[in-house]
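Below: data25.cif (mmCIF, N, CA and C atoms)
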data_target
#
loop_
_atom_site.label_atom_id
_atom_site.label_comp_id
_atom_site.auth_asym_id
_atom_site.auth_seq_id
_atom_site.Cartn_x
_atom_site.Cartn_y
_atom_site.Cartn_z
N GLN A 1275 103.12 93.23 91.69
CA GLN A 1275 102.63 94.02 92.82
C GLN A 1275 102.71 93.24 94.12
N ALA A 1276 102.71 91.93 94.05
CA ALA A 1276 102.78 91.14 95.28
C ALA A 1276 104.07 91.40 96.03
N ASN A 1277 105.18 91.50 95.32
CA ASN A 1277 106.46 91.80 95.98
C ASN A 1277 106.46 93.20 96.57
N ASP A 1278 105.85 94.14 95.86
CA ASP A 1278 105.77 95.51 96.36
C ASP A 1278 104.93 95.56 97.63
N SER A 1279 103.82 94.84 97.63
CA SER A 1279 102.96 94.78 98.82
C SER A 1279 103.71 94.18 100.00
N LYS A 1280 104.44 93.12 99.72
CA LYS A 1280 105.19 92.44 100.78
C LYS A 1280 106.26 93.37 101.36
N THR A 1281 106.94 94.10 100.50
CA THR A 1281 107.97 95.04 100.97
C THR A 1281 107.37 96.10 101.89
N ILE A 1282 106.25 96.65 101.48
CA ILE A 1282 105.59 97.69 102.29
C ILE A 1282 105.04 97.09 103.58
N ASP A 1283 104.41 95.92 103.48
CA ASP A 1283 103.88 95.24 104.68
C ASP A 1283 104.98 95.01 105.70
N GLN A 1284 106.11 94.50 105.25
CA GLN A 1284 107.21 94.20 106.16
C GLN A 1284 107.74 95.47 106.81
N CYS A 1285 107.83 96.53 106.05
CA CYS A 1285 108.31 97.81 106.58
C CYS A 1285 107.35 98.34 107.65
N ILE A 1286 106.06 98.28 107.37
CA ILE A 1286 105.06 98.78 108.32
C ILE A 1286 105.07 97.93 109.59
N GLU A 1287 105.15 96.63 109.43
CA GLU A 1287 105.19 95.75 110.61
C GLU A 1287 106.43 96.01 111.45
N ALA A 1288 107.56 96.26 110.81
CA ALA A 1288 108.79 96.57 111.55
C ALA A 1288 108.63 97.88 112.30
N ALA A 1289 108.01 98.87 111.68
CA ALA A 1289 107.78 100.16 112.36
C ALA A 1289 106.87 99.97 113.56
N LYS A 1290 105.81 99.20 113.39
CA LYS A 1290 104.90 98.94 114.50
C LYS A 1290 105.63 98.22 115.63
N GLY A 1291 106.49 97.28 115.27
CA GLY A 1291 107.26 96.54 116.27
C GLY A 1291 108.18 97.44 117.08
N ASN A 1292 108.60 98.52 116.46
CA ASN A 1292 109.45 99.49 117.15
C ASN A 1292 108.65 100.66 117.71
N GLU A 1293 107.32 100.51 117.67
CA GLU A 1293 106.41 101.56 118.13
C GLU A 1293 106.71 102.89 117.46
N ALA A 1294 106.94 102.83 116.16
CA ALA A 1294 107.27 104.02 115.37
C ALA A 1294 106.19 104.25 114.31
N PHE A 1295 106.11 105.47 113.84
CA PHE A 1295 105.22 105.80 112.74
C PHE A 1295 105.83 105.25 111.45
N ALA A 1296 105.03 104.66 110.63
CA ALA A 1296 105.52 103.98 109.42
C ALA A 1296 105.75 104.93 108.25
N GLY A 1297 105.84 106.21 108.51
CA GLY A 1297 106.07 107.17 107.43
C GLY A 1297 107.35 106.92 106.66
N ASN A 1298 108.34 106.31 107.30
CA ASN A 1298 109.58 106.00 106.59
C ASN A 1298 109.40 104.92 105.54
N CYS A 1299 108.26 104.26 105.56
CA CYS A 1299 107.98 103.22 104.57
C CYS A 1299 107.52 103.82 103.24
N ILE A 1300 107.13 105.07 103.25
CA ILE A 1300 106.65 105.72 102.03
C ILE A 1300 107.85 105.95 101.11
N GLY A 1301 107.75 105.40 99.92
CA GLY A 1301 108.83 105.50 98.95
C GLY A 1301 109.75 104.30 98.94
N ILE A 1302 109.48 103.33 99.79
CA ILE A 1302 110.37 102.17 99.91
C ILE A 1302 110.43 101.35 98.61
N VAL A 1303 109.41 101.44 97.80
CA VAL A 1303 109.40 100.77 96.49
C VAL A 1303 109.78 101.76 95.39
N ALA A 1304 109.17 102.92 95.41
CA ALA A 1304 109.36 103.89 94.32
C ALA A 1304 110.76 104.49 94.28
N ASN A 1305 111.33 104.80 95.43
CA ASN A 1305 112.63 105.48 95.42
C ASN A 1305 113.75 104.63 94.82
N PRO A 1306 113.92 103.36 95.23
CA PRO A 1306 114.96 102.54 94.60
C PRO A 1306 114.69 102.30 93.10
N CYS A 1307 113.41 102.16 92.75
CA CYS A 1307 113.03 101.98 91.36
C CYS A 1307 113.42 103.21 90.53
N THR A 1308 113.15 104.39 91.08
CA THR A 1308 113.49 105.64 90.40
C THR A 1308 115.00 105.77 90.24
N LYS A 1309 115.72 105.41 91.27
CA LYS A 1309 117.18 105.46 91.20
C LYS A 1309 117.70 104.52 90.11
N ALA A 1310 117.13 103.32 90.05
CA ALA A 1310 117.53 102.35 89.03
C ALA A 1310 117.18 102.85 87.63
N ALA A 1311 116.15 103.68 87.53
CA ALA A 1311 115.73 104.25 86.23
C ALA A 1311 116.52 105.51 85.91
N ASN A 1312 117.54 105.79 86.70
CA ASN A 1312 118.38 106.99 86.52
C ASN A 1312 117.57 108.27 86.49
N ASN A 1313 116.51 108.29 87.31
CA ASN A 1313 115.64 109.46 87.44
C ASN A 1313 115.00 109.90 86.12
N GLU A 1314 114.92 109.00 85.15
CA GLU A 1314 114.27 109.32 83.89
C GLU A 1314 112.79 109.54 84.20
N THR A 1315 112.24 110.63 83.72
CA THR A 1315 110.92 111.10 84.13
C THR A 1315 109.81 110.07 83.97
N GLU A 1316 109.61 109.55 82.79
CA GLU A 1316 108.48 108.63 82.56
C GLU A 1316 108.66 107.33 83.33
N ALA A 1317 109.87 106.81 83.37
CA ALA A 1317 110.12 105.58 84.13
C ALA A 1317 109.91 105.83 85.62
N SER A 1318 110.31 107.00 86.09
CA SER A 1318 110.14 107.34 87.50
C SER A 1318 108.68 107.46 87.87
N LYS A 1319 107.88 108.02 86.98
CA LYS A 1319 106.44 108.11 87.23
C LYS A 1319 105.83 106.72 87.34
N LYS A 1320 106.33 105.79 86.53
CA LYS A 1320 105.83 104.41 86.61
C LYS A 1320 106.23 103.77 87.94
N CYS A 1321 107.40 104.12 88.43
CA CYS A 1321 107.84 103.61 89.73
C CYS A 1321 106.89 104.10 90.83
N ALA A 1322 106.55 105.37 90.78
CA ALA A 1322 105.62 105.93 91.77
C ALA A 1322 104.25 105.29 91.64
N ALA A 1323 103.81 105.08 90.41
CA ALA A 1323 102.49 104.46 90.19
C ALA A 1323 102.46 103.04 90.73
N ARG A 1324 103.57 102.33 90.62
CA ARG A 1324 103.65 100.97 91.15
C ARG A 1324 103.41 100.95 92.66
N GLU A 1325 104.08 101.85 93.37
CA GLU A 1325 103.90 101.89 94.81
C GLU A 1325 102.54 102.47 95.18
N LEU A 1326 102.09 103.45 94.44
CA LEU A 1326 100.78 104.04 94.69
C LEU A 1326 99.68 102.99 94.63
N ALA A 1327 99.80 102.04 93.73
CA ALA A 1327 98.79 100.98 93.62
C ALA A 1327 98.68 100.19 94.93
N VAL A 1328 99.81 99.95 95.57
CA VAL A 1328 99.80 99.22 96.85
C VAL A 1328 99.10 100.06 97.92
N TRP A 1329 99.45 101.33 98.00
CA TRP A 1329 98.85 102.20 99.02
C TRP A 1329 97.36 102.37 98.77
N ASN A 1330 96.94 102.46 97.50
CA ASN A 1330 95.50 102.56 97.20
C ASN A 1330 94.76 101.32 97.67
N ALA A 1331 95.35 100.15 97.48
CA ALA A 1331 94.71 98.91 97.94
C ALA A 1331 94.62 98.90 99.46
N ARG A 1332 95.66 99.34 100.13
CA ARG A 1332 95.65 99.41 101.60
C ARG A 1332 94.62 100.41 102.09
N LEU A 1333 94.52 101.55 101.39
CA LEU A 1333 93.55 102.58 101.77
C LEU A 1333 92.13 102.02 101.68
N GLN A 1334 91.85 101.30 100.60
CA GLN A 1334 90.51 100.72 100.44
C GLN A 1334 90.24 99.68 101.53
N ALA A 1335 91.25 98.88 101.86
CA ALA A 1335 91.09 97.89 102.92
C ALA A 1335 90.83 98.57 104.26
N ALA A 1336 91.52 99.68 104.52
CA ALA A 1336 91.31 100.41 105.77
C ALA A 1336 89.89 100.98 105.82
N MET A 1337 89.42 101.53 104.71
CA MET A 1337 88.04 102.05 104.66
C MET A 1337 87.04 100.93 104.91
N ASN A 1338 87.27 99.77 104.33
CA ASN A 1338 86.36 98.63 104.53
C ASN A 1338 86.36 98.21 106.00
N ALA A 1339 87.52 98.20 106.61
CA ALA A 1339 87.61 97.82 108.03
C ALA A 1339 86.89 98.83 108.91
N ILE A 1340 87.04 100.11 108.60
CA ILE A 1340 86.35 101.15 109.37
C ILE A 1340 84.84 100.95 109.27
N LYS A 1341 84.37 100.66 108.08
CA LYS A 1341 82.93 100.45 107.89
C LYS A 1341 82.44 99.21 108.64
N LYS A 1342 83.27 98.20 108.72
CA LYS A 1342 82.90 96.99 109.46
C LYS A 1342 82.84 97.23 110.96
N GLY A 1343 83.49 98.29 111.42
CA GLY A 1343 83.50 98.60 112.85
C GLY A 1343 82.14 98.92 113.40
N GLY A 1344 81.24 99.39 112.54
CA GLY A 1344 79.85 99.58 112.95
C GLY A 1344 79.56 100.82 113.77
N PHE A 1345 80.38 101.83 113.68
CA PHE A 1345 80.13 103.09 114.39
C PHE A 1345 79.63 104.13 113.38
N PRO A 1346 78.32 104.30 113.27
CA PRO A 1346 77.75 105.14 112.21
C PRO A 1346 78.30 106.56 112.14
N LYS A 1347 78.45 107.24 113.27
CA LYS A 1347 78.95 108.62 113.24
C LYS A 1347 80.40 108.65 112.75
N LEU A 1348 81.21 107.72 113.20
CA LEU A 1348 82.60 107.65 112.76
C LEU A 1348 82.67 107.35 111.27
N ILE A 1349 81.87 106.41 110.82
CA ILE A 1349 81.85 106.06 109.39
C ILE A 1349 81.46 107.27 108.56
N ALA A 1350 80.45 108.00 108.99
CA ALA A 1350 80.01 109.19 108.27
C ALA A 1350 81.11 110.25 108.23
N SER A 1351 81.79 110.44 109.35
CA SER A 1351 82.86 111.43 109.41
C SER A 1351 84.03 111.06 108.50
N VAL A 1352 84.43 109.80 108.57
CA VAL A 1352 85.55 109.36 107.74
C VAL A 1352 85.17 109.42 106.26
N THR A 1353 83.97 109.00 105.93
CA THR A 1353 83.52 109.04 104.54
C THR A 1353 83.50 110.46 104.01
N ALA A 1354 82.99 111.39 104.80
CA ALA A 1354 82.96 112.80 104.38
C ALA A 1354 84.38 113.35 104.25
N SER A 1355 85.25 112.99 105.18
CA SER A 1355 86.62 113.50 105.10
C SER A 1355 87.35 112.90 103.90
N GLN A 1356 87.01 111.69 103.51
CA GLN A 1356 87.63 111.09 102.33
C GLN A 1356 87.26 111.86 101.07
N LYS A 1357 86.02 112.30 100.98
CA LYS A 1357 85.60 113.08 99.82
C LYS A 1357 86.38 114.38 99.75
N SER A 1358 86.53 115.04 100.88
CA SER A 1358 87.29 116.28 100.95
C SER A 1358 88.76 116.04 100.60
N TRP A 1359 89.32 114.98 101.15
CA TRP A 1359 90.71 114.65 100.89
C TRP A 1359 90.92 114.35 99.40
N ALA A 1360 90.05 113.57 98.79
CA ALA A 1360 90.18 113.22 97.38
C ALA A 1360 90.11 114.48 96.51
N SER A 1361 89.23 115.40 96.86
CA SER A 1361 89.13 116.66 96.13
C SER A 1361 90.43 117.46 96.26
N SER A 1362 90.96 117.52 97.46
CA SER A 1362 92.22 118.22 97.69
C SER A 1362 93.35 117.58 96.88
N LEU A 1363 93.44 116.27 96.92
CA LEU A 1363 94.46 115.54 96.18
C LEU A 1363 94.38 115.85 94.69
N ASN A 1364 93.17 115.85 94.15
CA ASN A 1364 92.98 116.10 92.72
C ASN A 1364 93.28 117.54 92.32
N GLN A 1365 93.25 118.45 93.28
CA GLN A 1365 93.59 119.83 92.98
C GLN A 1365 95.07 120.13 93.22
N LEU A 1366 95.63 119.51 94.25
CA LEU A 1366 97.01 119.79 94.64
C LEU A 1366 98.05 119.13 93.74
N CYS A 1367 97.93 117.85 93.53
CA CYS A 1367 99.01 117.09 92.87
C CYS A 1367 99.27 117.47 91.41
N PRO A 1368 98.27 117.80 90.61
CA PRO A 1368 98.57 118.21 89.24
C PRO A 1368 99.43 119.47 89.15
N ILE A 1369 99.45 120.26 90.21
CA ILE A 1369 100.29 121.46 90.22
C ILE A 1369 101.76 121.10 90.00
N PHE A 1370 102.18 119.97 90.58
CA PHE A 1370 103.57 119.57 90.46
C PHE A 1370 103.96 119.26 89.02
N ASP A 1371 103.03 118.76 88.23
CA ASP A 1371 103.31 118.50 86.82
C ASP A 1371 103.47 119.80 86.04
N GLN A 1372 102.88 120.86 86.55
CA GLN A 1372 102.95 122.15 85.86
C GLN A 1372 104.19 122.95 86.24
N ILE A 1373 104.58 122.88 87.52
CA ILE A 1373 105.69 123.74 87.95
C ILE A 1373 107.06 123.18 87.58
N ASP A 1374 107.20 121.86 87.51
CA ASP A 1374 108.48 121.28 87.14
C ASP A 1374 108.25 119.89 86.56
N PRO A 1375 107.72 119.84 85.34
CA PRO A 1375 107.30 118.56 84.76
C PRO A 1375 108.44 117.59 84.46
N ILE A 1376 109.68 118.04 84.45
CA ILE A 1376 110.77 117.12 84.13
C ILE A 1376 111.53 116.66 85.37
N ALA A 1377 111.12 117.09 86.53
CA ALA A 1377 111.77 116.64 87.77
C ALA A 1377 110.96 115.48 88.33
N PRO A 1378 111.43 114.25 88.17
CA PRO A 1378 110.62 113.08 88.53
C PRO A 1378 110.10 113.09 89.96
N LEU A 1379 110.92 113.47 90.90
CA LEU A 1379 110.48 113.41 92.29
C LEU A 1379 109.56 114.56 92.66
N GLN A 1380 109.35 115.47 91.75
CA GLN A 1380 108.41 116.56 91.99
C GLN A 1380 107.12 116.38 91.22
N ALA A 1381 107.04 115.33 90.44
CA ALA A 1381 105.88 115.11 89.59
C ALA A 1381 104.63 114.82 90.41
N GLY A 1382 103.49 115.04 89.77
CA GLY A 1382 102.21 114.80 90.42
C GLY A 1382 102.05 113.37 90.92
N GLU A 1383 102.64 112.42 90.22
CA GLU A 1383 102.52 111.02 90.63
C GLU A 1383 103.17 110.80 92.00
N PHE A 1384 104.28 111.48 92.25
CA PHE A 1384 104.93 111.35 93.56
C PHE A 1384 104.13 112.07 94.64
N CYS A 1385 103.47 113.16 94.28
CA CYS A 1385 102.58 113.84 95.21
C CYS A 1385 101.44 112.91 95.61
N ARG A 1386 100.83 112.26 94.62
CA ARG A 1386 99.74 111.33 94.90
C ARG A 1386 100.22 110.17 95.78
N LEU A 1387 101.42 109.69 95.50
CA LEU A 1387 102.00 108.61 96.32
C LEU A 1387 102.16 109.07 97.76
N GLN A 1388 102.78 110.20 97.97
CA GLN A 1388 103.02 110.70 99.33
C GLN A 1388 101.71 110.95 100.07
N GLU A 1389 100.81 111.66 99.43
CA GLU A 1389 99.54 112.01 100.08
C GLU A 1389 98.70 110.77 100.39
N THR A 1390 98.65 109.84 99.44
CA THR A 1390 97.84 108.63 99.63
C THR A 1390 98.43 107.74 100.71
N ALA A 1391 99.75 107.60 100.72
CA ALA A 1391 100.40 106.76 101.72
C ALA A 1391 100.17 107.32 103.13
N HIS A 1392 100.35 108.63 103.29
CA HIS A 1392 100.11 109.23 104.61
C HIS A 1392 98.66 109.03 105.04
N ARG A 1393 97.76 109.25 104.11
CA ARG A 1393 96.34 109.10 104.42
C ARG A 1393 96.03 107.66 104.81
N THR A 1394 96.61 106.73 104.10
CA THR A 1394 96.40 105.32 104.38
C THR A 1394 96.85 104.97 105.79
N LEU A 1395 98.02 105.45 106.18
CA LEU A 1395 98.53 105.15 107.52
C LEU A 1395 97.59 105.69 108.60
N VAL A 1396 97.03 106.86 108.37
CA VAL A 1396 96.07 107.43 109.32
C VAL A 1396 94.81 106.57 109.38
N LEU A 1397 94.28 106.20 108.22
CA LEU A 1397 93.07 105.38 108.19
C LEU A 1397 93.30 103.99 108.78
N GLU A 1398 94.48 103.44 108.56
CA GLU A 1398 94.78 102.14 109.15
C GLU A 1398 94.81 102.23 110.68
N HIS A 1399 95.28 103.34 111.18
CA HIS A 1399 95.29 103.55 112.64
C HIS A 1399 93.84 103.61 113.16
N ILE A 1400 93.00 104.36 112.47
CA ILE A 1400 91.59 104.44 112.86
C ILE A 1400 90.95 103.05 112.79
N ALA A 1401 91.21 102.35 111.70
CA ALA A 1401 90.61 101.01 111.53
C ALA A 1401 91.03 100.08 112.66
N ALA A 1402 92.30 100.10 113.01
CA ALA A 1402 92.79 99.23 114.09
C ALA A 1402 92.10 99.58 115.40
N SER A 1403 91.91 100.86 115.64
CA SER A 1403 91.26 101.30 116.88
C SER A 1403 89.79 100.88 116.89
N VAL A 1404 89.12 101.03 115.79
CA VAL A 1404 87.70 100.70 115.70
C VAL A 1404 87.50 99.19 115.87
N LEU A 1405 88.35 98.41 115.26
CA LEU A 1405 88.20 96.97 115.31
C LEU A 1405 88.53 96.39 116.69
N GLU A 1406 89.22 97.17 117.52
CA GLU A 1406 89.51 96.73 118.88
C GLU A 1406 88.26 96.77 119.76
N HIS A 1407 87.32 97.63 119.41
CA HIS A 1407 86.13 97.83 120.26
C HIS A 1407 84.95 97.06 119.75
#
For this file, produce the structure as structure tokens.
Amino acid sequence: QANDSKTIDQCIEAAKGNEAFAGNCIGIVANPCTKAANNETEASKKCAARELAVWNARLQAAMNAIKKGGFPKLIASVTASQKSWASSLNQLCPIFDQIDPIAPLQAGEFCRLQETAHRTLVLEHIAASVLEH
């Protein structure tokens, strides 16, 4: 996971350096892994899970940073929105396993990867803003 973290970190830093949104970094680990696995379903899900682990760690770090910012109303809002987001994620992503369970890039694991990565980037932006003040 250290190499996966480094790959994602470098991609995000490069995006920031270009004043761009780091959304293009989503899939930077899972997509080449899936291609190398010849899109085999179970191997592809493991590829997505590998990258998802990195985004989950980043998401938790962003939440911790937001809490350290010391703005009670903001912390309460973000915490409440996280509960809502987690509920949505748990309802939305399993649908993909039901509608096309043999299409690796449509599987629930890839939904969780996409949704979590986007959410993480948003929370990291909030954390950076909070820590500036």
I'd like the residues picked by the PyMOL selection byres ((chain A and resi 1304) around 7) written out as a PDB file with N, CA and C atoms, keeping the file's coordinate frame, using the chain letters and numbers from the file.
ATOM      1  N   ILE A1300     107.130 105.070 103.250  1.00  0.00           N
ATOM      2  CA  ILE A1300     106.650 105.720 102.030  1.00  0.00           C
ATOM      3  C   ILE A1300     107.850 105.950 101.110  1.00  0.00           C
ATOM      4  N   GLY A1301     107.750 105.400  99.920  1.00  0.00           N
ATOM      5  CA  GLY A1301     108.830 105.500  98.950  1.00  0.00           C
ATOM      6  C   GLY A1301     109.750 104.300  98.940  1.00  0.00           C
ATOM      7  N   ILE A1302     109.480 103.330  99.790  1.00  0.00           N
ATOM      8  CA  ILE A1302     110.370 102.170  99.910  1.00  0.00           C
ATOM      9  C   ILE A1302     110.430 101.350  98.610  1.00  0.00           C
ATOM     10  N   VAL A1303     109.410 101.440  97.800  1.00  0.00           N
ATOM     11  CA  VAL A1303     109.400 100.770  96.490  1.00  0.00           C
ATOM     12  C   VAL A1303     109.780 101.760  95.390  1.00  0.00           C
ATOM     13  N   ASN A1305     111.330 104.800  95.430  1.00  0.00           N
ATOM     14  CA  ASN A1305     112.630 105.480  95.420  1.00  0.00           C
ATOM     15  C   ASN A1305     113.750 104.630  94.820  1.00  0.00           C
ATOM     16  N   PRO A1306     113.920 103.360  95.230  1.00  0.00           N
ATOM     17  CA  PRO A1306     114.960 102.540  94.600  1.00  0.00           C
ATOM     18  C   PRO A1306     114.690 102.300  93.100  1.00  0.00           C
ATOM     19  N   CYS A1307     113.410 102.160  92.750  1.00  0.00           N
ATOM     20  CA  CYS A1307     113.030 101.980  91.360  1.00  0.00           C
ATOM     21  C   CYS A1307     113.420 103.210  90.530  1.00  0.00           C
ATOM     22  N   THR A1308     113.150 104.390  91.080  1.00  0.00           N
ATOM     23  CA  THR A1308     113.490 105.640  90.400  1.00  0.00           C
ATOM     24  C   THR A1308     115.000 105.770  90.240  1.00  0.00           C
ATOM     25  N   LYS A1309     115.720 105.410  91.270  1.00  0.00           N
ATOM     26  CA  LYS A1309     117.180 105.460  91.200  1.00  0.00           C
ATOM     27  C   LYS A1309     117.700 104.520  90.110  1.00  0.00           C
ATOM     28  N   CYS A1321     107.400 104.120  88.430  1.00  0.00           N
ATOM     29  CA  CYS A1321     107.840 103.610  89.730  1.00  0.00           C
ATOM     30  C   CYS A1321     106.890 104.100  90.830  1.00  0.00           C
ATOM     31  N   ALA A1322     106.550 105.370  90.780  1.00  0.00           N
ATOM     32  CA  ALA A1322     105.620 105.930  91.770  1.00  0.00           C
ATOM     33  C   ALA A1322     104.250 105.290  91.640  1.00  0.00           C
ATOM     34  N   ALA A1323     103.810 105.080  90.410  1.00  0.00           N
ATOM     35  CA  ALA A1323     102.490 104.460  90.190  1.00  0.00           C
ATOM     36  C   ALA A1323     102.460 103.040  90.730  1.00  0.00           C
ATOM     37  N   ARG A1324     103.570 102.330  90.620  1.00  0.00           N
ATOM     38  CA  ARG A1324     103.650 100.970  91.150  1.00  0.00           C
ATOM     39  C   ARG A1324     103.410 100.950  92.660  1.00  0.00           C
ATOM     40  N   GLU A1325     104.080 101.850  93.370  1.00  0.00           N
ATOM     41  CA  GLU A1325     103.900 101.890  94.810  1.00  0.00           C
ATOM     42  C   GLU A1325     102.540 102.470  95.180  1.00  0.00           C
TER      43      GLU A1325
END
Quiz item: Taking the backbone alone, and naming residues the way the document does, which bits of chain A are alpha helix (DSSP H) by DSSP, as an MDAnalysis selection string?
Solution: chainID A and resid 1276:1291 1304:1310 1315:1342 1346:1373 1382:1406
Exercise. Pick out the residues sitting within 7 Å of Leu1333 (chain A), and hand them over as a ChimeraX atom specification; count only N, CA and C atoms, and ignore anything fewer than 4 positions along from it in its own chain.
Key: /A:1328-1329,1337-1338,1393-1395,1398
Find the residues around Ile1400 (chain A) up to 12 Å (only C-alpha atoms counted), leave out those fewer than 6 positions away in its own chain, and share them as a tab-separated table (two decimals) with N, CA and C atoms, in the coordinates of the input.
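File selection.tsv, as written:
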chain	number	residue	atom	x	y	z
A	1333	LEU	N	94.52	101.55	101.39
A	1333	LEU	CA	93.55	102.58	101.77
A	1333	LEU	C	92.13	102.02	101.68
A	1335	ALA	N	91.25	98.88	101.86
A	1335	ALA	CA	91.09	97.89	102.92
A	1335	ALA	C	90.83	98.57	104.26
A	1336	ALA	N	91.52	99.68	104.52
A	1336	ALA	CA	91.31	100.41	105.77
A	1336	ALA	C	89.89	100.98	105.82
A	1337	MET	N	89.42	101.53	104.71
A	1337	MET	CA	88.04	102.05	104.66
A	1337	MET	C	87.04	100.93	104.91
A	1338	ASN	N	87.27	99.77	104.33
A	1338	ASN	CA	86.36	98.63	104.53
A	1338	ASN	C	86.36	98.21	106.00
A	1339	ALA	N	87.52	98.20	106.61
A	1339	ALA	CA	87.61	97.82	108.03
A	1339	ALA	C	86.89	98.83	108.91
A	1340	ILE	N	87.04	100.11	108.60
A	1340	ILE	CA	86.35	101.15	109.37
A	1340	ILE	C	84.84	100.95	109.27
A	1341	LYS	N	84.37	100.66	108.08
A	1341	LYS	CA	82.93	100.45	107.89
A	1341	LYS	C	82.44	99.21	108.64
A	1342	LYS	N	83.27	98.20	108.72
A	1342	LYS	CA	82.90	96.99	109.46
A	1342	LYS	C	82.84	97.23	110.96
A	1343	GLY	N	83.49	98.29	111.42
A	1343	GLY	CA	83.50	98.60	112.85
A	1343	GLY	C	82.14	98.92	113.40
A	1345	PHE	N	80.38	101.83	113.68
A	1345	PHE	CA	80.13	103.09	114.39
A	1345	PHE	C	79.63	104.13	113.38
A	1348	LEU	N	81.21	107.72	113.20
A	1348	LEU	CA	82.60	107.65	112.76
A	1348	LEU	C	82.67	107.35	111.27
A	1349	ILE	N	81.87	106.41	110.82
A	1349	ILE	CA	81.85	106.06	109.39
A	1349	ILE	C	81.46	107.27	108.56
A	1351	SER	N	81.79	110.44	109.35
A	1351	SER	CA	82.86	111.43	109.41
A	1351	SER	C	84.03	111.06	108.50
A	1352	VAL	N	84.43	109.80	108.57
A	1352	VAL	CA	85.55	109.36	107.74
A	1352	VAL	C	85.17	109.42	106.26
A	1393	ARG	N	97.76	109.25	104.11
A	1393	ARG	CA	96.34	109.10	104.42
A	1393	ARG	C	96.03	107.66	104.81
A	1394	THR	N	96.61	106.73	104.10
A	1394	THR	CA	96.40	105.32	104.38
A	1394	THR	C	96.85	104.97	105.79
A	1406	GLU	N	89.22	97.17	117.52
A	1406	GLU	CA	89.51	96.73	118.88
A	1406	GLU	C	88.26	96.77	119.76
A	1407	HIS	N	87.32	97.63	119.41
A	1407	HIS	CA	86.13	97.83	120.26
A	1407	HIS	C	84.95	97.06	119.75
Quiz item: Quick one: residues within 8 Å of Thr1390 (chain A), all atoms listed in the file counted, chain neighbours fewer than 6 positions away excluded, as a PyMOL selection string?
Solution: chain A and resi 1326+1329-1330+1333+1363+1384+1396
Practice problem: Can you work out the spacing between CA of Asn1313 (chain A) and CA of Glu1383 (chain A) in Å, to one decimal? | Solution: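 Computing the Euclidean distance for CA of Asn1313 (chain A) and CA of Glu1383 (chain A) yields 13.6 Å.
The point (100.0, 114.1, 94.4) has these residues within 10 Å of it, counting only C-alpha atoms: Ser1362, Leu1363, Asn1364, Gln1365, Leu1366, Cys1367, Pro1368, Ile1369, Phe1370, Asp1371, Gln1380, Ala1381, Gly1382, Glu1383, Phe1384, Cys1385, Arg1386, Leu1387, Gln1388, Glu1389 and Thr1390 of chain A.
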